[in-house]
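This is my_file-v8.cif. It holds mmCIF, C-alpha atoms and all ligand atoms.
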```cif
data_structure
#
loop_
_atom_site.label_atom_id
_atom_site.label_comp_id
_atom_site.auth_asym_id
_atom_site.auth_seq_id
_atom_site.Cartn_x
_atom_site.Cartn_y
_atom_site.Cartn_z
CA LEU B 1 17.42 -4.11 13.75
CA VAL B 2 16.64 -4.16 10.05
CA THR B 3 14.03 -6.89 10.19
CA ALA B 4 11.84 -4.60 12.23
CA LEU B 5 11.70 -2.21 9.27
CA SER B 6 11.27 -4.92 6.62
CA SER B 7 7.96 -6.00 5.19
CA GLY B 8 8.00 -9.16 7.29
CA ALA B 9 9.17 -11.61 4.63
CA LEU B 10 12.75 -12.81 4.84
CA ALA B 11 15.15 -10.68 2.80
CA GLN B 12 16.36 -12.39 -0.39
CA ASP B 13 20.05 -13.12 -0.74
CA LEU B 14 21.34 -10.87 -3.55
CA THR B 15 25.03 -11.62 -3.05
CA GLY B 16 27.03 -10.68 -6.12
CA LYS B 17 24.61 -7.98 -7.27
CA VAL B 18 26.04 -4.48 -7.66
CA ILE B 19 23.52 -1.67 -7.19
CA GLY B 20 24.19 2.04 -7.62
CA PHE B 21 22.34 4.50 -5.37
CA SER B 22 22.18 8.13 -6.42
CA GLN B 23 21.18 9.91 -3.22
CA ILE B 24 20.14 13.59 -3.15
CA GLY B 25 22.36 14.67 -0.27
CA SER B 26 21.86 15.03 3.47
CA GLU B 27 19.51 17.99 3.72
CA SER B 28 17.36 16.49 6.48
CA GLY B 29 17.28 14.00 9.31
CA TRP B 30 14.91 11.88 7.25
CA ARG B 31 17.37 11.83 4.34
CA ALA B 32 20.21 10.76 6.63
CA ALA B 33 17.99 7.99 8.02
CA GLU B 34 17.12 6.81 4.51
CA THR B 35 20.82 6.63 3.65
CA SER B 36 21.73 4.56 6.70
CA VAL B 37 18.70 2.27 6.36
CA THR B 38 19.46 1.72 2.64
CA LYS B 39 23.02 0.70 3.51
CA LEU B 40 21.73 -1.70 6.18
CA GLN B 41 19.15 -3.19 3.84
CA ALA B 42 21.82 -3.74 1.16
CA GLU B 43 24.16 -5.34 3.66
CA GLU B 44 21.43 -7.68 4.88
CA ARG B 45 21.04 -9.01 1.33
CA GLY B 46 24.74 -9.18 0.45
CA ILE B 47 24.39 -6.39 -2.14
CA ASP B 48 27.46 -4.41 -3.15
CA LEU B 49 25.97 -0.88 -2.90
CA LYS B 50 27.70 1.94 -4.75
CA PHE B 51 26.68 5.13 -2.97
CA ALA B 52 26.82 8.59 -4.58
CA ASP B 53 25.86 11.79 -2.71
CA ALA B 54 24.75 14.54 -5.15
CA GLN B 55 24.86 17.44 -2.68
CA GLN B 56 21.37 18.55 -3.80
CA LYS B 57 22.39 18.98 -7.43
CA GLN B 58 20.62 17.22 -10.30
CA GLU B 59 23.71 17.55 -12.52
CA ASN B 60 25.69 15.54 -9.95
CA GLN B 61 22.96 12.90 -9.94
CA ILE B 62 23.03 12.63 -13.73
CA LYS B 63 26.83 12.29 -13.65
CA ALA B 64 26.63 9.57 -11.00
CA ILE B 65 23.98 7.66 -12.96
CA ARG B 66 26.10 7.82 -16.14
CA GLY B 67 29.00 6.48 -14.06
CA PHE B 68 26.87 3.57 -12.82
CA ILE B 69 25.84 2.78 -16.40
CA ALA B 70 29.47 2.85 -17.54
CA GLN B 71 30.40 0.48 -14.69
CA GLY B 72 27.67 -1.90 -15.78
CA VAL B 73 25.88 -2.12 -12.43
CA ASP B 74 22.95 -4.55 -12.10
CA ALA B 75 20.42 -1.90 -11.04
CA ILE B 76 20.20 1.75 -10.09
CA LEU B 77 18.27 3.42 -7.27
CA ILE B 78 17.60 7.14 -7.64
CA ALA B 79 16.11 9.60 -5.18
CA PRO B 80 15.41 12.34 -7.75
CA VAL B 81 15.99 15.83 -6.34
CA VAL B 82 13.55 17.51 -8.74
CA ALA B 83 10.72 16.13 -10.86
CA THR B 84 11.82 17.15 -14.36
CA GLY B 85 14.86 16.60 -16.59
CA TRP B 86 15.37 12.85 -16.30
CA ASP B 87 14.32 11.53 -19.71
CA ASP B 88 17.76 11.43 -21.38
CA VAL B 89 19.73 9.71 -18.64
CA LEU B 90 16.92 7.23 -17.93
CA THR B 91 16.75 6.40 -21.63
CA GLU B 92 20.48 5.67 -21.50
CA ALA B 93 19.94 3.29 -18.55
CA LYS B 94 17.08 1.62 -20.38
CA GLU B 95 19.20 1.12 -23.50
CA ALA B 96 21.88 -0.45 -21.28
CA GLU B 97 19.12 -2.72 -19.87
CA ILE B 98 19.75 -1.59 -16.31
CA PRO B 99 16.56 -1.47 -14.23
CA VAL B 100 16.00 1.82 -12.41
CA ILE B 101 13.96 2.23 -9.24
CA LEU B 102 12.91 5.64 -7.94
CA LEU B 103 12.99 6.20 -4.20
CA ASP B 104 10.90 8.67 -2.16
CA ARG B 105 10.34 11.32 -4.88
CA GLY B 106 8.48 11.14 -8.19
CA ILE B 107 9.37 12.41 -11.66
CA ASP B 108 7.59 13.68 -14.76
CA ALA B 109 8.79 11.12 -17.28
CA PRO B 110 7.31 8.20 -19.23
CA GLU B 111 6.64 5.31 -16.86
CA ASP B 112 8.51 2.81 -19.02
CA LEU B 113 11.77 4.55 -18.06
CA TYR B 114 11.74 2.99 -14.59
CA LEU B 115 10.82 -0.39 -13.16
CA THR B 116 8.96 0.94 -10.15
CA SER B 117 8.82 3.85 -7.72
CA VAL B 118 8.81 3.36 -3.95
CA ALA B 119 7.41 6.46 -2.25
CA SER B 120 4.77 7.77 0.09
CA ASP B 121 1.56 9.36 -1.18
CA GLN B 122 2.72 12.94 -0.76
CA VAL B 123 -0.62 14.52 -1.59
CA LEU B 124 -2.17 12.39 1.15
CA GLU B 125 0.54 13.51 3.62
CA GLY B 126 -0.36 17.14 3.00
CA ARG B 127 -4.04 16.38 3.28
CA VAL B 128 -3.56 14.56 6.61
CA ALA B 129 -1.65 17.59 7.95
CA GLY B 130 -4.35 19.98 6.71
CA GLU B 131 -7.21 17.92 8.13
CA TRP B 132 -5.42 17.74 11.47
CA LEU B 133 -5.32 21.55 11.54
CA VAL B 134 -8.98 21.87 10.57
CA ASN B 135 -9.93 19.71 13.58
CA GLU B 136 -7.46 21.36 15.90
CA VAL B 137 -8.63 24.94 15.38
CA ALA B 138 -12.31 23.91 15.31
CA GLY B 139 -13.70 26.86 13.38
CA GLU B 140 -11.45 29.58 14.87
CA GLU B 141 -9.84 32.03 12.43
CA CYS B 142 -6.36 30.74 11.59
CA ASN B 143 -3.63 32.27 9.44
CA VAL B 144 -1.10 29.68 8.32
CA VAL B 145 2.44 30.23 7.08
CA GLU B 146 3.88 27.48 4.91
CA LEU B 147 7.50 26.35 4.61
CA GLN B 148 7.82 24.56 1.29
CA GLY B 149 10.36 21.92 0.37
CA THR B 150 12.89 22.16 -2.44
CA VAL B 151 11.49 24.05 -5.44
CA GLY B 152 10.50 21.66 -8.22
CA SER B 153 10.70 18.53 -6.04
CA SER B 154 7.70 16.22 -6.02
CA PRO B 155 7.19 16.37 -2.23
CA ALA B 156 7.10 20.19 -2.30
CA ILE B 157 4.57 20.23 -5.14
CA ASN B 158 2.39 17.44 -3.74
CA ARG B 159 2.46 18.37 -0.06
CA LYS B 160 1.40 21.91 -0.96
CA GLN B 161 -1.49 20.60 -3.04
CA GLY B 162 -2.55 18.07 -0.40
CA PHE B 163 -2.59 20.59 2.43
CA GLU B 164 -4.67 22.99 0.33
CA GLU B 165 -7.12 20.15 -0.29
CA GLY B 166 -7.16 19.32 3.42
CA ILE B 167 -8.14 22.85 4.45
CA ALA B 168 -10.37 23.56 1.42
CA SER B 169 -13.59 23.06 3.39
CA ALA B 170 -12.47 25.40 6.21
CA ALA B 171 -13.15 29.04 5.32
CA ASN B 172 -11.61 30.01 8.68
CA ILE B 173 -8.13 28.81 7.62
CA THR B 174 -6.02 30.90 5.23
CA ILE B 175 -2.45 30.42 4.01
CA THR B 176 -1.04 33.94 4.32
CA GLN B 177 2.61 33.33 3.39
CA SER B 178 4.38 30.49 1.63
CA GLN B 179 8.05 30.16 0.73
CA THR B 180 10.68 27.49 0.23
CA GLY B 181 12.95 26.50 3.10
CA ASP B 182 14.65 23.88 0.91
CA PHE B 183 13.91 21.06 3.41
CA THR B 184 16.70 22.28 5.72
CA ARG B 185 16.66 23.35 9.34
CA SER B 186 18.71 26.52 8.75
CA LYS B 187 16.54 27.74 5.87
CA GLY B 188 13.38 26.86 7.80
CA LYS B 189 14.56 29.09 10.64
CA GLU B 190 15.59 31.92 8.34
CA VAL B 191 12.31 31.96 6.39
CA MET B 192 10.27 31.70 9.59
CA GLU B 193 12.10 34.75 10.96
CA ALA B 194 11.02 36.70 7.90
CA PHE B 195 7.43 35.43 8.25
CA LEU B 196 7.35 36.52 11.90
CA LYS B 197 8.65 40.01 11.05
CA SER B 198 6.03 40.58 8.39
CA SER B 199 3.22 39.21 10.60
CA ASN B 200 3.23 41.64 13.49
CA GLY B 201 6.03 39.78 15.30
CA GLY B 202 4.06 36.56 14.92
CA ALA B 203 0.84 37.85 16.51
CA ASP B 204 -0.95 37.36 13.18
CA ILE B 205 0.21 33.75 12.74
CA CYS B 206 -1.83 30.87 14.14
CA ALA B 207 0.05 27.93 12.64
CA VAL B 208 3.09 26.93 10.63
CA TYR B 209 2.88 24.06 8.15
CA ALA B 210 6.32 22.77 7.17
CA HIS B 211 6.85 20.25 4.35
CA ASN B 212 9.33 18.43 6.59
CA ASP B 213 10.24 18.14 10.25
CA ASP B 214 13.67 19.71 9.89
CA MET B 215 12.20 23.00 8.66
CA ALA B 216 9.67 22.79 11.51
CA VAL B 217 12.52 22.41 14.03
CA GLY B 218 14.17 25.51 12.53
CA ALA B 219 10.86 27.38 12.70
CA ILE B 220 10.41 26.39 16.35
CA GLN B 221 13.74 28.04 17.15
CA ALA B 222 12.71 31.21 15.30
CA ILE B 223 9.38 31.33 17.19
CA LYS B 224 11.19 30.99 20.54
CA ASP B 225 13.70 33.67 19.56
CA ALA B 226 10.74 35.97 18.84
CA GLY B 227 9.53 35.44 22.41
CA LEU B 228 6.54 33.26 21.51
CA LYS B 229 5.66 29.70 22.49
CA PRO B 230 5.76 27.21 19.62
CA GLY B 231 3.04 24.62 19.95
CA GLU B 232 0.79 27.08 21.81
CA ASP B 233 1.01 30.63 20.42
CA ILE B 234 1.81 29.18 17.01
CA LEU B 235 0.81 25.60 16.18
CA VAL B 236 3.40 23.48 14.36
CA VAL B 237 2.52 20.68 11.95
CA SER B 238 4.97 18.94 9.62
CA ILE B 239 5.89 15.69 7.85
CA ASP B 240 8.52 12.91 8.30
CA ALA B 241 8.27 11.79 11.94
CA VAL B 242 12.01 11.92 12.66
CA PRO B 243 13.30 11.59 16.24
CA ASP B 244 13.87 15.34 16.74
CA ILE B 245 10.24 16.25 16.07
CA PHE B 246 9.19 13.78 18.76
CA THR B 247 11.47 15.60 21.20
CA ALA B 248 9.66 18.82 20.24
CA ILE B 249 6.23 17.17 20.51
CA ALA B 250 7.11 15.74 23.92
CA ALA B 251 8.12 19.26 25.04
CA GLY B 252 4.84 20.71 23.74
CA GLU B 253 6.69 22.76 21.10
CA ALA B 254 5.32 20.90 18.05
CA ASN B 255 1.85 19.47 17.62
CA ALA B 256 1.66 16.92 14.82
CA THR B 257 3.71 15.09 12.22
CA VAL B 258 2.95 12.63 9.42
CA GLU B 259 5.26 9.63 9.23
CA LEU B 260 7.05 8.35 6.19
CA THR B 261 9.33 5.36 6.51
CA PRO B 262 13.02 5.81 5.69
CA ASN B 263 12.99 2.21 4.45
CA MET B 264 12.21 2.76 0.78
CA ALA B 265 15.14 0.55 -0.30
CA GLY B 266 13.85 -2.64 1.34
CA PRO B 267 10.76 -2.85 -0.91
CA ALA B 268 12.93 -1.79 -3.88
CA PHE B 269 15.40 -4.63 -3.29
CA ASP B 270 12.50 -7.08 -2.82
CA ALA B 271 11.03 -5.96 -6.17
CA LEU B 272 14.40 -6.47 -7.87
CA ALA B 273 14.82 -9.93 -6.29
CA ALA B 274 11.45 -11.06 -7.69
CA TYR B 275 12.18 -9.45 -11.06
CA TRP B 276 15.52 -11.24 -11.34
CA ALA B 277 14.19 -14.55 -10.00
CA ASN B 278 11.30 -14.99 -12.45
CA GLY B 279 10.72 -11.76 -14.35
CA THR B 280 7.91 -10.61 -12.06
CA GLU B 281 7.08 -6.98 -12.91
CA PRO B 282 6.41 -5.05 -9.71
CA GLU B 283 3.53 -2.61 -9.30
CA LYS B 284 4.50 0.70 -10.95
CA PHE B 285 4.00 2.55 -7.67
CA ILE B 286 4.79 0.98 -4.31
CA ILE B 287 3.15 3.30 -1.78
CA THR B 288 4.31 3.45 1.85
CA GLU B 289 2.05 4.37 4.78
CA SER B 290 1.26 7.92 6.03
CA LYS B 291 0.39 7.93 9.71
CA LEU B 292 -0.35 10.96 11.88
CA TYR B 293 1.35 11.38 15.27
CA THR B 294 0.48 13.88 18.01
CA ALA B 295 1.27 14.31 21.71
CA ALA B 296 -1.29 11.55 22.37
CA ASP B 297 0.96 8.97 20.68
CA ASP B 298 3.74 8.56 23.25
CA PRO B 299 6.28 10.90 21.61
CA ALA B 300 9.09 9.92 24.01
CA GLY B 301 8.55 6.26 23.14
CA GLU B 302 8.42 7.03 19.41
CA TYR B 303 11.72 8.90 19.74
CA GLU B 304 13.36 5.88 21.39
CA ARG B 305 11.85 3.42 18.92
CA ARG B 306 13.30 5.30 15.94
CA LYS B 307 16.72 5.60 17.55
CA GLY B 308 16.70 1.81 17.64
CA LEU B 309 15.74 1.50 13.96
CA GLY B 310 18.83 2.97 12.34
CA TYR B 311 17.83 6.68 12.29
O1 LIG Q 1 10.28 14.40 3.52
C1 LIG Q 1 12.40 15.42 3.43
C2 LIG Q 1 13.55 15.17 2.55
O2 LIG Q 1 11.86 13.25 -0.55
C3 LIG Q 1 10.05 12.55 0.74
O3 LIG Q 1 12.98 14.79 1.32
C4 LIG Q 1 11.44 13.06 0.76
C5 LIG Q 1 11.67 14.35 1.52
C6 LIG Q 1 11.55 14.26 3.04
O4 LIG Q 1 14.55 16.02 2.56
O5 LIG Q 1 12.76 15.47 4.76
#
```
As structure tokens, the full file:
Amino acid sequence: LVTALSSGALAQDLTGKVIGFSQIGSESGWRAAETSVTKLQAEERGIDLKFADAQQKQENQIKAIRGFIAQGVDAILIAPVVATGWDDVLTEAKEAEIPVILLDRGIDAPEDLYLTSVASDQVLEGRVAGEWLVNEVAGEECNVVELQGTVGSSPAINRKQGFEEGIASAANITITQSQTGDFTRSKGKEVMEAFLKSSNGGADICAVYAHNDDMAVGAIQAIKDAGLKPGEDILVVSIDAVPDIFTAIAAGEANATVELTPNMAGPAFDALAAYWANGTEPEKFIITESKLYTAADDPAGEYERRKGLGY
């Protein structure tokens, strides 16, 4: 089960190590998958994982991290909800000589405050989505509405930038509306409803670009409720590659997604094992793959494969 997600090398035995994990919350299917895969990866190595769910609030994350420091854990994993405001607490961890590894989101802080960061290249993800759309519409006029992720989070900032880069060469494509849907299905639906209302019932929208699949799934529902066909009347492109988007792709209701692995913890634990074994400093940024999937990539099979991987 887990080995299929691992890098290939055998997982190191880290029995006796206590590692704190400050998770953002459970805003999306991808987030839930990351949580379960992290727990499996810890178990596989004998790690005692202390899990803290911050319910989307940075203040809760900071509290949890201070708690881990007070407990004297051996290392701390943090999925940072927003990019700024981490310097003080990370300095405290550094002074306590507890290595910190960032998972899936980046921060604006001096690089010596964390050992490494395991994440996807979020600008690239946006660019891949944008380039897909450029090819798909092949010169036709296309108005795009954008559902952004959590305000101030690195994936929202970077996926916006990347998409803009991806469509920069296409004068026929214009982003007409852009708003946050906070990475959730319910907000994605709500914001899409507003977009549809202010765009002639959706007649003026050619595509929706969502910073994650969950918001895309919400948008698909809103498009159907408005009497239009998602995937045809309005193209749908998003990021994550969670099982539910493959269901939508298989049904012709979504068109493309960019995958990011929920196994960010495996490489993080491997980096810690090497660091503890012989002081090996990992690369500052461990970058996971960003692969595009469309209806041509066996969506039903991809759905099943993920269900077997701990999603
Ligand atoms: O794409 C989204 C989640 O931080 C990269 O957070 C992650 C993003 C992921 O809620 O679904």
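Reported to one decimal place, the separation of CA of Phe269 (chain B) from atom C6 of ligand LIG 1 (chain Q) is 20.3 Å.
Between CA of Gln221 (chain B) and CA of Lys189 (chain B) there is a distance of 6.6 Å.
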Please extract the residues at most 10 Å from ligand LIG 1 (chain Q), counting all atoms listed in the file, and provide them as a PDB file with C-alpha atoms, in the frame of the given file, using the chain letters and residue numbers of this document.
```
ATOM      1  CA  ILE B  24      20.140  13.590  -3.150  1.00  0.00           C
ATOM      2  CA  GLY B  25      22.360  14.670  -0.270  1.00  0.00           C
ATOM      3  CA  SER B  26      21.860  15.030   3.470  1.00  0.00           C
ATOM      4  CA  GLU B  27      19.510  17.990   3.720  1.00  0.00           C
ATOM      5  CA  SER B  28      17.360  16.490   6.480  1.00  0.00           C
ATOM      6  CA  GLY B  29      17.280  14.000   9.310  1.00  0.00           C
ATOM      7  CA  TRP B  30      14.910  11.880   7.250  1.00  0.00           C
ATOM      8  CA  ARG B  31      17.370  11.830   4.340  1.00  0.00           C
ATOM      9  CA  ALA B  32      20.210  10.760   6.630  1.00  0.00           C
ATOM     10  CA  ALA B  33      17.990   7.990   8.020  1.00  0.00           C
ATOM     11  CA  GLU B  34      17.120   6.810   4.510  1.00  0.00           C
ATOM     12  CA  GLN B  56      21.370  18.550  -3.800  1.00  0.00           C
ATOM     13  CA  ALA B  79      16.110   9.600  -5.180  1.00  0.00           C
ATOM     14  CA  PRO B  80      15.410  12.340  -7.750  1.00  0.00           C
ATOM     15  CA  VAL B  81      15.990  15.830  -6.340  1.00  0.00           C
ATOM     16  CA  VAL B  82      13.550  17.510  -8.740  1.00  0.00           C
ATOM     17  CA  LEU B 103      12.990   6.200  -4.200  1.00  0.00           C
ATOM     18  CA  ASP B 104      10.900   8.670  -2.160  1.00  0.00           C
ATOM     19  CA  ARG B 105      10.340  11.320  -4.880  1.00  0.00           C
ATOM     20  CA  GLY B 106       8.480  11.140  -8.190  1.00  0.00           C
ATOM     21  CA  ALA B 119       7.410   6.460  -2.250  1.00  0.00           C
ATOM     22  CA  SER B 120       4.770   7.770   0.090  1.00  0.00           C
ATOM     23  CA  ASP B 121       1.560   9.360  -1.180  1.00  0.00           C
ATOM     24  CA  GLN B 122       2.720  12.940  -0.760  1.00  0.00           C
ATOM     25  CA  GLU B 125       0.540  13.510   3.620  1.00  0.00           C
ATOM     26  CA  GLY B 149      10.360  21.920   0.370  1.00  0.00           C
ATOM     27  CA  THR B 150      12.890  22.160  -2.440  1.00  0.00           C
ATOM     28  CA  SER B 153      10.700  18.530  -6.040  1.00  0.00           C
ATOM     29  CA  SER B 154       7.700  16.220  -6.020  1.00  0.00           C
ATOM     30  CA  PRO B 155       7.190  16.370  -2.230  1.00  0.00           C
ATOM     31  CA  ALA B 156       7.100  20.190  -2.300  1.00  0.00           C
ATOM     32  CA  ARG B 159       2.460  18.370  -0.060  1.00  0.00           C
ATOM     33  CA  ASP B 182      14.650  23.880   0.910  1.00  0.00           C
ATOM     34  CA  PHE B 183      13.910  21.060   3.410  1.00  0.00           C
ATOM     35  CA  THR B 184      16.700  22.280   5.720  1.00  0.00           C
ATOM     36  CA  ARG B 185      16.660  23.350   9.340  1.00  0.00           C
ATOM     37  CA  ALA B 210       6.320  22.770   7.170  1.00  0.00           C
ATOM     38  CA  HIS B 211       6.850  20.250   4.350  1.00  0.00           C
ATOM     39  CA  ASN B 212       9.330  18.430   6.590  1.00  0.00           C
ATOM     40  CA  ASP B 213      10.240  18.140  10.250  1.00  0.00           C
ATOM     41  CA  ASP B 214      13.670  19.710   9.890  1.00  0.00           C
ATOM     42  CA  MET B 215      12.200  23.000   8.660  1.00  0.00           C
ATOM     43  CA  SER B 238       4.970  18.940   9.620  1.00  0.00           C
ATOM     44  CA  ILE B 239       5.890  15.690   7.850  1.00  0.00           C
ATOM     45  CA  ASP B 240       8.520  12.910   8.300  1.00  0.00           C
ATOM     46  CA  ALA B 241       8.270  11.790  11.940  1.00  0.00           C
ATOM     47  CA  VAL B 242      12.010  11.920  12.660  1.00  0.00           C
ATOM     48  CA  VAL B 258       2.950  12.630   9.420  1.00  0.00           C
ATOM     49  CA  GLU B 259       5.260   9.630   9.230  1.00  0.00           C
ATOM     50  CA  LEU B 260       7.050   8.350   6.190  1.00  0.00           C
ATOM     51  CA  THR B 261       9.330   5.360   6.510  1.00  0.00           C
ATOM     52  CA  PRO B 262      13.020   5.810   5.690  1.00  0.00           C
TER      53      PRO B 262
END
```
Distance table requested - region 178-295 of chain B against region 7-21 of chain B, cut-off 8 Å, all atoms listed in the file: one row per qualifying residue with the closest atom pair and its distance in Å to one decimal, ordered by chain and rising residue number, as CSV.
```
residue,atom,partner,partner_atom,distance
B:Gly266,CA,B:Ser7,CA,7.8
B:Pro267,CA,B:Ser7,CA,7.4
B:Asp270,CA,B:Gln12,CA,7.0
B:Ala273,CA,B:Gln12,CA,6.6
```
Identify the residues within 9 Å of coordinate (-6.9, 33.5, 14.1) (same frame as the file), considering only C-alpha atoms, and give the answer as a PyMOL selection string.
-> chain B and resi 137+140-143+172-173+204-206
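Here CA of Val236 (chain B) is placed at a distance of 8.6 Å from CA of Ala219 (chain B).
Nearest-residue note for Ser36 (chain B): choosing from B:Thr116, B:Ser178, B:Ser186, B:Gln23, the minimum distance belongs to B:Gln23, counting all atoms listed in the file.
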Centre and edge lengths of an axis-aligned box around all listed atoms of region 80-90 of chain B, with 6 Å added on each side, are to be given in Å to one decimal, as lines of an AutoDock Vina configuration file.
```
center_x = 15.2
center_y = 12.4
center_z = -13.9
size_x = 21.0
size_y = 22.3
size_z = 27.0
```
12 Å contact set for Ile76 (chain B), only C-alpha atoms, chain neighbours under 6 positions out, as a PyMOL selection string = chain B and resi 17-23+48-52+61-62+64-70+89-90+93-94+96-103+113-117+265+268-269+272
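Remark: for Thr247 (chain B), the closest of the candidate residues B:Ile234, B:Arg306, B:Met264, B:Lys197 is B:Arg306 (distances computed over all atoms listed in the file).
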Saving region 211-232 of chain B with N, CA and C atoms, as a PDB file, in the first residue's frame, what would that file be?
```
ATOM      1  N   HIS B 211      -8.049  26.529  -8.435  1.00  0.00           N
ATOM      2  CA  HIS B 211      -6.743  26.209  -7.840  1.00  0.00           C
ATOM      3  C   HIS B 211      -6.714  24.844  -7.163  1.00  0.00           C
ATOM      4  N   ASN B 212      -7.880  24.226  -6.949  1.00  0.00           N
ATOM      5  CA  ASN B 212      -7.868  22.804  -6.568  1.00  0.00           C
ATOM      6  C   ASN B 212      -9.132  22.101  -7.066  1.00  0.00           C
ATOM      7  N   ASP B 213      -9.065  20.774  -7.036  1.00  0.00           N
ATOM      8  CA  ASP B 213     -10.160  19.960  -7.569  1.00  0.00           C
ATOM      9  C   ASP B 213     -11.450  20.146  -6.788  1.00  0.00           C
ATOM     10  N   ASP B 214     -11.351  20.293  -5.469  1.00  0.00           N
ATOM     11  CA  ASP B 214     -12.573  20.413  -4.676  1.00  0.00           C
ATOM     12  C   ASP B 214     -13.399  21.623  -5.108  1.00  0.00           C
ATOM     13  N   MET B 215     -12.740  22.757  -5.319  1.00  0.00           N
ATOM     14  CA  MET B 215     -13.484  23.941  -5.791  1.00  0.00           C
ATOM     15  C   MET B 215     -14.065  23.677  -7.182  1.00  0.00           C
ATOM     16  N   ALA B 216     -13.331  22.925  -8.005  1.00  0.00           N
ATOM     17  CA  ALA B 216     -13.835  22.580  -9.342  1.00  0.00           C
ATOM     18  C   ALA B 216     -15.093  21.726  -9.225  1.00  0.00           C
ATOM     19  N   VAL B 217     -15.100  20.782  -8.302  1.00  0.00           N
ATOM     20  CA  VAL B 217     -16.278  19.926  -8.103  1.00  0.00           C
ATOM     21  C   VAL B 217     -17.477  20.776  -7.660  1.00  0.00           C
ATOM     22  N   GLY B 218     -17.230  21.743  -6.785  1.00  0.00           N
ATOM     23  CA  GLY B 218     -18.298  22.670  -6.384  1.00  0.00           C
ATOM     24  C   GLY B 218     -18.790  23.485  -7.568  1.00  0.00           C
ATOM     25  N   ALA B 219     -17.854  23.947  -8.393  1.00  0.00           N
ATOM     26  CA  ALA B 219     -18.210  24.755  -9.571  1.00  0.00           C
ATOM     27  C   ALA B 219     -19.027  23.941 -10.565  1.00  0.00           C
ATOM     28  N   ILE B 220     -18.679  22.679 -10.717  1.00  0.00           N
ATOM     29  CA  ILE B 220     -19.411  21.783 -11.635  1.00  0.00           C
ATOM     30  C   ILE B 220     -20.880  21.707 -11.223  1.00  0.00           C
ATOM     31  N   GLN B 221     -21.112  21.608  -9.921  1.00  0.00           N
ATOM     32  CA  GLN B 221     -22.486  21.556  -9.415  1.00  0.00           C
ATOM     33  C   GLN B 221     -23.225  22.846  -9.743  1.00  0.00           C
ATOM     34  N   ALA B 222     -22.539  23.985  -9.541  1.00  0.00           N
ATOM     35  CA  ALA B 222     -23.162  25.289  -9.823  1.00  0.00           C
ATOM     36  C   ALA B 222     -23.498  25.408 -11.313  1.00  0.00           C
ATOM     37  N   ILE B 223     -22.614  24.929 -12.167  1.00  0.00           N
ATOM     38  CA  ILE B 223     -22.835  25.009 -13.628  1.00  0.00           C
ATOM     39  C   ILE B 223     -24.054  24.164 -14.014  1.00  0.00           C
ATOM     40  N   LYS B 224     -24.148  22.969 -13.427  1.00  0.00           N
ATOM     41  CA  LYS B 224     -25.316  22.104 -13.698  1.00  0.00           C
ATOM     42  C   LYS B 224     -26.598  22.761 -13.219  1.00  0.00           C
ATOM     43  N   ASP B 225     -26.544  23.331 -12.008  1.00  0.00           N
ATOM     44  CA  ASP B 225     -27.728  23.987 -11.443  1.00  0.00           C
ATOM     45  C   ASP B 225     -28.189  25.141 -12.333  1.00  0.00           C
ATOM     46  N   ALA B 226     -27.243  25.746 -13.049  1.00  0.00           N
ATOM     47  CA  ALA B 226     -27.579  26.866 -13.946  1.00  0.00           C
ATOM     48  C   ALA B 226     -28.072  26.363 -15.301  1.00  0.00           C
ATOM     49  N   GLY B 227     -28.173  25.045 -15.448  1.00  0.00           N
ATOM     50  CA  GLY B 227     -28.710  24.470 -16.682  1.00  0.00           C
ATOM     51  C   GLY B 227     -27.689  24.339 -17.806  1.00  0.00           C
ATOM     52  N   LEU B 228     -26.413  24.435 -17.465  1.00  0.00           N
ATOM     53  CA  LEU B 228     -25.363  24.292 -18.480  1.00  0.00           C
ATOM     54  C   LEU B 228     -24.606  22.979 -18.268  1.00  0.00           C
ATOM     55  N   LYS B 229     -23.850  22.605 -19.298  1.00  0.00           N
ATOM     56  CA  LYS B 229     -23.078  21.360 -19.219  1.00  0.00           C
ATOM     57  C   LYS B 229     -21.615  21.643 -18.894  1.00  0.00           C
ATOM     58  N   PRO B 230     -21.190  21.273 -17.664  1.00  0.00           N
ATOM     59  CA  PRO B 230     -19.771  21.442 -17.351  1.00  0.00           C
ATOM     60  C   PRO B 230     -18.945  20.493 -18.216  1.00  0.00           C
ATOM     61  N   GLY B 231     -17.786  20.945 -18.623  1.00  0.00           N
ATOM     62  CA  GLY B 231     -16.947  20.103 -19.476  1.00  0.00           C
ATOM     63  C   GLY B 231     -17.188  20.339 -20.948  1.00  0.00           C
ATOM     64  N   GLU B 232     -18.374  20.911 -21.272  1.00  0.00           N
ATOM     65  CA  GLU B 232     -18.707  21.223 -22.671  1.00  0.00           C
ATOM     66  C   GLU B 232     -19.007  22.713 -22.834  1.00  0.00           C
TER      67      GLU B 232
END
```
